[in-house]
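The block underneath contains the structure these notes are about, expressed in structure tokens.
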Amino acid sequence: MYTSIDLGSHSIKIVVSEKVNDKFYVLASTKVRSMGIKKGIIKDKSLALESIKQAVLDINNSLGIEIKKVLLNFPLFSVNTSIETSEMEVDGVVTGECVSEIIKKTVIENVPRNLEVLYLEPIVFDIDSDLQVVDPKGLTASNLEVRCAVSTIEKDFLYQYLELLSEAGLEVVDVTYGVIGDYYENLSPDVQKKLGALINIGYGKTEIAIFNKGIMLKGSILPIGSSKIDKDISYIYKIDKKQAISLKEKFAVSSFKYADKNDIMEVVNVSGEKITINQLEISQIVEARLKEIIKSVKNEINNLTNREISYIIITGGITNLVGFPYLMEEEFSCDTIVLNITSLGVRSNAYSASFGLIKYFDYKMKFRNIDCSFVTEEEKSQLTAKKKKVSTRDNLINKFTAYLKN
């Protein structure tokens with residue numbers, strides 16, 4: 001069982017998932033309004049802490065136990081991925097412990113003490129300098145060498161987040177970039193073989209990462225996100241921000257081609273006047289801003305790599321809007337994959353980083369032959385008892401529904 005947390009500018013997301021027979025099931029999830037965080041930076045610690053505590057309270061009430069350990073999604077600030085190597089004597093069969101040891105050795109030998117590793121992915125292992133493999137476990141060797149992609153960040157910057165979560169009563173077990181979670185939420189054999197880009201259009205920022213054969217090479221942040229759409233709608237119709245967000249999420253579509261000019265909604269503006277908003281018109285506003293964001297994204301992708309990319313993966317809460325996939329197909333010439341999370345409990349792309357990070361962490365633990373869970377056996381028993389009660393209640397409801405149908 002794992003828990004992950006995403007500290008966004010618009011919302012705090014927490015996902016609790018259980019892995020059973022290689023499948024991930026969401027036990028609880030929450031999304032609460034974020035305060036004190038802007039474009040991934042903690043601006044007001046007390047407000048941010050209040051938001052986190054509210055999200056944790058929601059999850060604890062839903063589960064019936066207290067979560068204490070989490071995975072942290074970190075913003076994609078100044079990613080510089082380098083290739084680092086290390087080697088060690090084995091003298092026998094390579095085990096998961098050997099893999100963990102050589103990866104740890106890679107960090108100790110190559111990463112300065114003022115930096116913290118946020119991303120480390122083994123690329124290839126050398127067995128006795130004559131055999132290269134992706135997974136060396138179970139092979140016999142006298143010498144093992146590894147090449148890893150490593151990305152780091154200054155400890156002082158990271159520790160602001162760790163201290164904040166510590167004050168909320170949470171221990172951070174692991175931390176990595178949120179885009180890694182996004183990538184693993186859409187992981188497929190086809191994607192793993194090619195060079196592509198991942199785009200997460202957030203509320204206050206847009207994150208872009210370049211992946212080649214499953215390895216993140218580069219990444220950057222653009223200071224523009226879906227909040228610009230809210231400001232556009234608020235300004236043009238002279239309505240408050242809360243109304244603008246509601247209209248964007250519940251009424252507008254991402255491409256005016258899919259809007260209904262006869263579909264209207266009445267709202268009261270800041271002057272107290274009742275106004276009528278047409279779906280076609282508001283969708284034109286949304287589409288214009290989305291195209292501006294995508295134009296900036298295209299320029300940034302060209303800055304990050306001069307190679308031709310094979311695919312684009314796009315996620316973020318705004319991608320849930322009707323017509324978004326069709327708009328992206330018009331804007332990009334390569335294969336465009338708009339994430340579509342269908343897992344019960346997290347059916348919104350706003351959860352892609354949180355849910356995907358759980359899958360990435362589990363992959364890392366499995367690769368190292370480490371058995372890990374964020375809850376105790378006693379807490380598991382409490383959860384099992386609660387699930388049985390819910391199951392009993394659901395069975396009673398199903399029986400009653402069947403009785404009514406008869």
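Ordering of the structure tokens sets the chain letters (A, B, ...); residue numbers start at 1 within each chain; ligands are numbered from 1 in the order shown.
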All residues 8 Å or closer to range 338-353 of chain A, only C-alpha atoms, same chain fewer than 5 positions away omitted, as a VMD selection string:
chain A and resid 6 13 15 25 to 29 73 178 to 182 185 to 186 313 to 317 319 to 320 324 to 325
Go ahead and write the residues just picked, N, CA and C atoms, as a PDB file, in the first residue's frame.
```
ATOM      1  N   ASP A   6       0.535  15.497  -4.069  1.00  0.00           N
ATOM      2  CA  ASP A   6       0.906  16.453  -5.108  1.00  0.00           C
ATOM      3  C   ASP A   6       0.512  17.846  -4.626  1.00  0.00           C
ATOM      4  N   LYS A  13      -3.516  17.220  -4.054  1.00  0.00           N
ATOM      5  CA  LYS A  13      -4.066  15.905  -4.364  1.00  0.00           C
ATOM      6  C   LYS A  13      -3.350  14.828  -3.554  1.00  0.00           C
ATOM      7  N   VAL A  15      -3.459  10.486  -3.080  1.00  0.00           N
ATOM      8  CA  VAL A  15      -3.994   9.207  -3.545  1.00  0.00           C
ATOM      9  C   VAL A  15      -3.416   8.087  -2.687  1.00  0.00           C
ATOM     10  N   TYR A  25      -5.289  -0.562  -7.043  1.00  0.00           N
ATOM     11  CA  TYR A  25      -6.658  -0.179  -6.721  1.00  0.00           C
ATOM     12  C   TYR A  25      -6.627   1.033  -5.793  1.00  0.00           C
ATOM     13  N   VAL A  26      -7.407   2.042  -6.132  1.00  0.00           N
ATOM     14  CA  VAL A  26      -7.446   3.259  -5.319  1.00  0.00           C
ATOM     15  C   VAL A  26      -8.361   3.036  -4.115  1.00  0.00           C
ATOM     16  N   LEU A  27      -7.787   3.187  -2.932  1.00  0.00           N
ATOM     17  CA  LEU A  27      -8.566   3.044  -1.697  1.00  0.00           C
ATOM     18  C   LEU A  27      -9.191   4.377  -1.289  1.00  0.00           C
ATOM     19  N   ALA A  28      -8.498   5.458  -1.576  1.00  0.00           N
ATOM     20  CA  ALA A  28      -9.013   6.783  -1.238  1.00  0.00           C
ATOM     21  C   ALA A  28      -8.260   7.843  -2.034  1.00  0.00           C
ATOM     22  N   SER A  29      -8.941   8.930  -2.326  1.00  0.00           N
ATOM     23  CA  SER A  29      -8.302  10.057  -3.010  1.00  0.00           C
ATOM     24  C   SER A  29      -9.021  11.335  -2.602  1.00  0.00           C
ATOM     25  N   ASN A  73       5.411  14.401  -5.044  1.00  0.00           N
ATOM     26  CA  ASN A  73       5.602  14.883  -6.418  1.00  0.00           C
ATOM     27  C   ASN A  73       6.260  16.254  -6.360  1.00  0.00           C
ATOM     28  N   GLY A 178       7.003  15.214 -10.639  1.00  0.00           N
ATOM     29  CA  GLY A 178       5.639  14.810 -10.942  1.00  0.00           C
ATOM     30  C   GLY A 178       5.487  14.269 -12.348  1.00  0.00           C
ATOM     31  N   VAL A 179       6.297  14.774 -13.306  1.00  0.00           N
ATOM     32  CA  VAL A 179       6.194  14.305 -14.695  1.00  0.00           C
ATOM     33  C   VAL A 179       6.587  12.836 -14.830  1.00  0.00           C
ATOM     34  N   ILE A 180       7.395  12.340 -13.896  1.00  0.00           N
ATOM     35  CA  ILE A 180       7.731  10.918 -13.907  1.00  0.00           C
ATOM     36  C   ILE A 180       6.470  10.105 -13.626  1.00  0.00           C
ATOM     37  N   GLY A 181       5.662  10.593 -12.686  1.00  0.00           N
ATOM     38  CA  GLY A 181       4.384   9.947 -12.408  1.00  0.00           C
ATOM     39  C   GLY A 181       3.460  10.001 -13.612  1.00  0.00           C
ATOM     40  N   ASP A 182       3.397  11.169 -14.259  1.00  0.00           N
ATOM     41  CA  ASP A 182       2.580  11.311 -15.472  1.00  0.00           C
ATOM     42  C   ASP A 182       3.001  10.290 -16.531  1.00  0.00           C
ATOM     43  N   GLU A 185       1.980   6.753 -15.651  1.00  0.00           N
ATOM     44  CA  GLU A 185       0.536   6.547 -15.745  1.00  0.00           C
ATOM     45  C   GLU A 185       0.148   6.193 -17.180  1.00  0.00           C
ATOM     46  N   ASN A 186       0.997   6.541 -18.134  1.00  0.00           N
ATOM     47  CA  ASN A 186       0.696   6.232 -19.537  1.00  0.00           C
ATOM     48  C   ASN A 186       1.762   5.313 -20.145  1.00  0.00           C
ATOM     49  N   ILE A 313       2.670  13.195 -24.987  1.00  0.00           N
ATOM     50  CA  ILE A 313       1.699  12.810 -23.961  1.00  0.00           C
ATOM     51  C   ILE A 313       1.282  14.089 -23.246  1.00  0.00           C
ATOM     52  N   ILE A 314      -0.019  14.342 -23.164  1.00  0.00           N
ATOM     53  CA  ILE A 314      -0.515  15.573 -22.544  1.00  0.00           C
ATOM     54  C   ILE A 314      -1.454  15.225 -21.393  1.00  0.00           C
ATOM     55  N   THR A 315      -1.253  15.880 -20.265  1.00  0.00           N
ATOM     56  CA  THR A 315      -2.118  15.666 -19.113  1.00  0.00           C
ATOM     57  C   THR A 315      -2.293  16.973 -18.344  1.00  0.00           C
ATOM     58  N   GLY A 316      -2.974  16.889 -17.218  1.00  0.00           N
ATOM     59  CA  GLY A 316      -3.333  18.078 -16.445  1.00  0.00           C
ATOM     60  C   GLY A 316      -4.849  18.207 -16.392  1.00  0.00           C
ATOM     61  N   GLY A 317      -5.356  18.885 -15.378  1.00  0.00           N
ATOM     62  CA  GLY A 317      -6.802  18.989 -15.183  1.00  0.00           C
ATOM     63  C   GLY A 317      -7.546  19.570 -16.373  1.00  0.00           C
ATOM     64  N   THR A 319      -7.115  19.095 -19.431  1.00  0.00           N
ATOM     65  CA  THR A 319      -7.282  18.131 -20.529  1.00  0.00           C
ATOM     66  C   THR A 319      -8.575  17.329 -20.403  1.00  0.00           C
ATOM     67  N   ASN A 320      -9.285  17.483 -19.281  1.00  0.00           N
ATOM     68  CA  ASN A 320     -10.573  16.806 -19.126  1.00  0.00           C
ATOM     69  C   ASN A 320     -11.682  17.485 -19.927  1.00  0.00           C
ATOM     70  N   PHE A 324     -10.774  18.294 -26.141  1.00  0.00           N
ATOM     71  CA  PHE A 324      -9.338  18.568 -25.989  1.00  0.00           C
ATOM     72  C   PHE A 324      -8.470  17.687 -26.896  1.00  0.00           C
ATOM     73  N   PRO A 325      -8.728  16.367 -26.976  1.00  0.00           N
ATOM     74  CA  PRO A 325      -7.888  15.527 -27.852  1.00  0.00           C
ATOM     75  C   PRO A 325      -7.906  15.984 -29.308  1.00  0.00           C
TER      76      PRO A 325
END
```
Which neighbours of Leu7 in chain A fall inside 12 Å, counting only C-alpha atoms, when residues of the same chain fewer than 5 positions from it are skipped, and could you give them as a ChimeraX atom specification?
/A:12-14,31-42,48-49,51-53,55,71-75,161-162,164-165,177-178,202-204,350-351,353-354
Written selection (C-alpha atoms) as a PDB file, in the first residue's frame:
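Writing the result to out-v7.pdb gives the following:
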```
ATOM      1  CA  ILE A  12      -3.572  19.467  -3.123  1.00  0.00           C
ATOM      2  CA  LYS A  13      -4.066  15.905  -4.364  1.00  0.00           C
ATOM      3  CA  ILE A  14      -3.574  12.767  -2.264  1.00  0.00           C
ATOM      4  CA  LYS A  31      -8.438  17.087  -4.005  1.00  0.00           C
ATOM      5  CA  VAL A  32      -8.706  20.221  -1.884  1.00  0.00           C
ATOM      6  CA  ARG A  33      -8.158  23.874  -2.775  1.00  0.00           C
ATOM      7  CA  SER A  34      -4.516  24.838  -2.446  1.00  0.00           C
ATOM      8  CA  MET A  35      -3.406  28.000  -0.662  1.00  0.00           C
ATOM      9  CA  GLY A  36       0.033  29.523  -0.192  1.00  0.00           C
ATOM     10  CA  ILE A  37       1.592  27.754  -3.200  1.00  0.00           C
ATOM     11  CA  LYS A  38       2.132  29.498  -6.539  1.00  0.00           C
ATOM     12  CA  LYS A  39       3.725  27.939  -9.627  1.00  0.00           C
ATOM     13  CA  GLY A  40       5.256  25.208  -7.471  1.00  0.00           C
ATOM     14  CA  ILE A  41       6.820  27.627  -4.984  1.00  0.00           C
ATOM     15  CA  ILE A  42       5.763  27.897  -1.335  1.00  0.00           C
ATOM     16  CA  ALA A  48       0.072  25.840   2.550  1.00  0.00           C
ATOM     17  CA  LEU A  49       0.190  23.869   5.795  1.00  0.00           C
ATOM     18  CA  SER A  51      -4.335  23.135   2.891  1.00  0.00           C
ATOM     19  CA  ILE A  52      -2.207  20.019   3.398  1.00  0.00           C
ATOM     20  CA  LYS A  53      -3.748  19.303   6.801  1.00  0.00           C
ATOM     21  CA  ALA A  55      -6.325  17.102   2.525  1.00  0.00           C
ATOM     22  CA  LEU A  71       5.616   9.904  -1.852  1.00  0.00           C
ATOM     23  CA  LEU A  72       6.110  13.517  -2.899  1.00  0.00           C
ATOM     24  CA  ASN A  73       5.602  14.883  -6.418  1.00  0.00           C
ATOM     25  CA  PHE A  74       8.126  17.667  -6.979  1.00  0.00           C
ATOM     26  CA  PRO A  75       7.954  20.520  -9.537  1.00  0.00           C
ATOM     27  CA  TYR A 161       8.862  20.962   1.110  1.00  0.00           C
ATOM     28  CA  LEU A 162      10.083  18.218   3.443  1.00  0.00           C
ATOM     29  CA  LEU A 164       6.318  21.590   5.453  1.00  0.00           C
ATOM     30  CA  LEU A 165       5.105  17.992   5.172  1.00  0.00           C
ATOM     31  CA  TYR A 177       9.387  14.873 -10.375  1.00  0.00           C
ATOM     32  CA  GLY A 178       5.639  14.810 -10.942  1.00  0.00           C
ATOM     33  CA  GLY A 202      -1.129  22.799 -14.604  1.00  0.00           C
ATOM     34  CA  TYR A 203      -2.996  25.688 -13.045  1.00  0.00           C
ATOM     35  CA  GLY A 204      -0.119  28.129 -12.653  1.00  0.00           C
ATOM     36  CA  ALA A 350      -5.558  16.011 -12.296  1.00  0.00           C
ATOM     37  CA  TYR A 351      -4.495  12.825 -10.450  1.00  0.00           C
ATOM     38  CA  ALA A 353       1.115  12.546 -11.366  1.00  0.00           C
ATOM     39  CA  SER A 354      -0.014  11.236  -7.963  1.00  0.00           C
TER      40      SER A 354
END
```
Selection near Phe256 in chain A, 10 Å with only C-alpha atoms, sequence-local residues under 2 positions removed, as a tab-separated table (two decimals) with C-alpha atoms, in the first residue's frame:
```
chain	number	residue	atom	x	y	z
A	252	ALA	CA	-17.06	25.53	-21.83
A	253	VAL	CA	-15.40	23.11	-24.23
A	254	SER	CA	-11.81	23.27	-25.44
A	258	TYR	CA	-17.72	21.16	-30.51
A	259	ALA	CA	-19.69	23.97	-28.84
A	260	ASP	CA	-23.43	24.55	-29.14
A	261	LYS	CA	-24.27	28.17	-29.97
A	279	GLN	CA	-21.19	28.21	-25.02
A	280	LEU	CA	-19.77	28.96	-28.45
A	281	GLU	CA	-18.37	32.33	-27.38
A	282	ILE	CA	-16.83	31.16	-24.12
A	283	SER	CA	-15.29	28.15	-25.89
A	284	GLN	CA	-13.61	30.50	-28.39
A	285	ILE	CA	-12.00	32.27	-25.42
A	286	VAL	CA	-10.80	28.94	-23.98
A	287	GLU	CA	-9.47	27.70	-27.32
A	288	ALA	CA	-7.54	30.90	-28.03
A	323	GLY	CA	-12.87	18.24	-27.39
A	327	LEU	CA	-7.65	20.28	-30.56
```
In range 142-186 of chain A, DSSP alpha helix (DSSP H) residues written as a ChimeraX atom specification
/A:155-167,178-185
Put those residues in a file: N, CA and C atoms, as a JSON list (two decimals), in the first residue's frame.
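Below is the file result26.json, written as the result:
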```
[["chain", "number", "residue", "atom", "x", "y", "z"],
["A", 155, "LYS", "N", 19.67, 20.86, -1.98],
["A", 155, "LYS", "CA", 18.97, 20.35, -0.81],
["A", 155, "LYS", "C", 18.13, 21.42, -0.11],
["A", 156, "ASP", "N", 18.65, 22.64, -0.03],
["A", 156, "ASP", "CA", 17.95, 23.71, 0.69],
["A", 156, "ASP", "C", 16.57, 23.96, 0.09],
["A", 157, "PHE", "N", 16.46, 23.89, -1.24],
["A", 157, "PHE", "CA", 15.19, 24.12, -1.91],
["A", 157, "PHE", "C", 14.21, 22.98, -1.63],
["A", 158, "LEU", "N", 14.72, 21.76, -1.70],
["A", 158, "LEU", "CA", 13.87, 20.58, -1.45],
["A", 158, "LEU", "C", 13.40, 20.54, 0.00],
["A", 159, "TYR", "N", 14.29, 20.92, 0.93],
["A", 159, "TYR", "CA", 13.96, 20.78, 2.35],
["A", 159, "TYR", "C", 12.81, 21.68, 2.80],
["A", 160, "GLN", "N", 12.52, 22.73, 2.04],
["A", 160, "GLN", "CA", 11.34, 23.55, 2.35],
["A", 160, "GLN", "C", 10.07, 22.70, 2.28],
["A", 161, "TYR", "N", 10.01, 21.84, 1.29],
["A", 161, "TYR", "CA", 8.86, 20.96, 1.11],
["A", 161, "TYR", "C", 8.84, 19.87, 2.18],
["A", 162, "LEU", "N", 10.01, 19.29, 2.46],
["A", 162, "LEU", "CA", 10.08, 18.22, 3.44],
["A", 162, "LEU", "C", 9.70, 18.71, 4.83],
["A", 163, "GLU", "N", 10.15, 19.91, 5.17],
["A", 163, "GLU", "CA", 9.81, 20.49, 6.48],
["A", 163, "GLU", "C", 8.32, 20.79, 6.58],
["A", 164, "LEU", "N", 7.75, 21.28, 5.49],
["A", 164, "LEU", "CA", 6.32, 21.59, 5.45],
["A", 164, "LEU", "C", 5.48, 20.33, 5.69],
["A", 165, "LEU", "N", 5.84, 19.24, 5.01],
["A", 165, "LEU", "CA", 5.10, 17.99, 5.17],
["A", 165, "LEU", "C", 5.35, 17.38, 6.55],
["A", 166, "SER", "N", 6.55, 17.58, 7.07],
["A", 166, "SER", "CA", 6.85, 17.09, 8.42],
["A", 166, "SER", "C", 5.97, 17.77, 9.46],
["A", 167, "GLU", "N", 5.75, 19.07, 9.29],
["A", 167, "GLU", "CA", 4.88, 19.81, 10.21],
["A", 167, "GLU", "C", 3.42, 19.36, 10.08],
["A", 178, "GLY", "N", 7.00, 15.21, -10.64],
["A", 178, "GLY", "CA", 5.64, 14.81, -10.94],
["A", 178, "GLY", "C", 5.49, 14.27, -12.35],
["A", 179, "VAL", "N", 6.30, 14.77, -13.31],
["A", 179, "VAL", "CA", 6.19, 14.30, -14.70],
["A", 179, "VAL", "C", 6.59, 12.84, -14.83],
["A", 180, "ILE", "N", 7.40, 12.34, -13.90],
["A", 180, "ILE", "CA", 7.73, 10.92, -13.91],
["A", 180, "ILE", "C", 6.47, 10.11, -13.63],
["A", 181, "GLY", "N", 5.66, 10.59, -12.69],
["A", 181, "GLY", "CA", 4.38, 9.95, -12.41],
["A", 181, "GLY", "C", 3.46, 10.00, -13.61],
["A", 182, "ASP", "N", 3.40, 11.17, -14.26],
["A", 182, "ASP", "CA", 2.58, 11.31, -15.47],
["A", 182, "ASP", "C", 3.00, 10.29, -16.53],
["A", 183, "TYR", "N", 4.31, 10.14, -16.70],
["A", 183, "TYR", "CA", 4.84, 9.22, -17.70],
["A", 183, "TYR", "C", 4.46, 7.77, -17.39],
["A", 184, "TYR", "N", 4.60, 7.39, -16.13],
["A", 184, "TYR", "CA", 4.29, 6.01, -15.73],
["A", 184, "TYR", "C", 2.80, 5.73, -15.73],
["A", 185, "GLU", "N", 1.98, 6.75, -15.65],
["A", 185, "GLU", "CA", 0.54, 6.55, -15.75],
["A", 185, "GLU", "C", 0.15, 6.19, -17.18]]
```
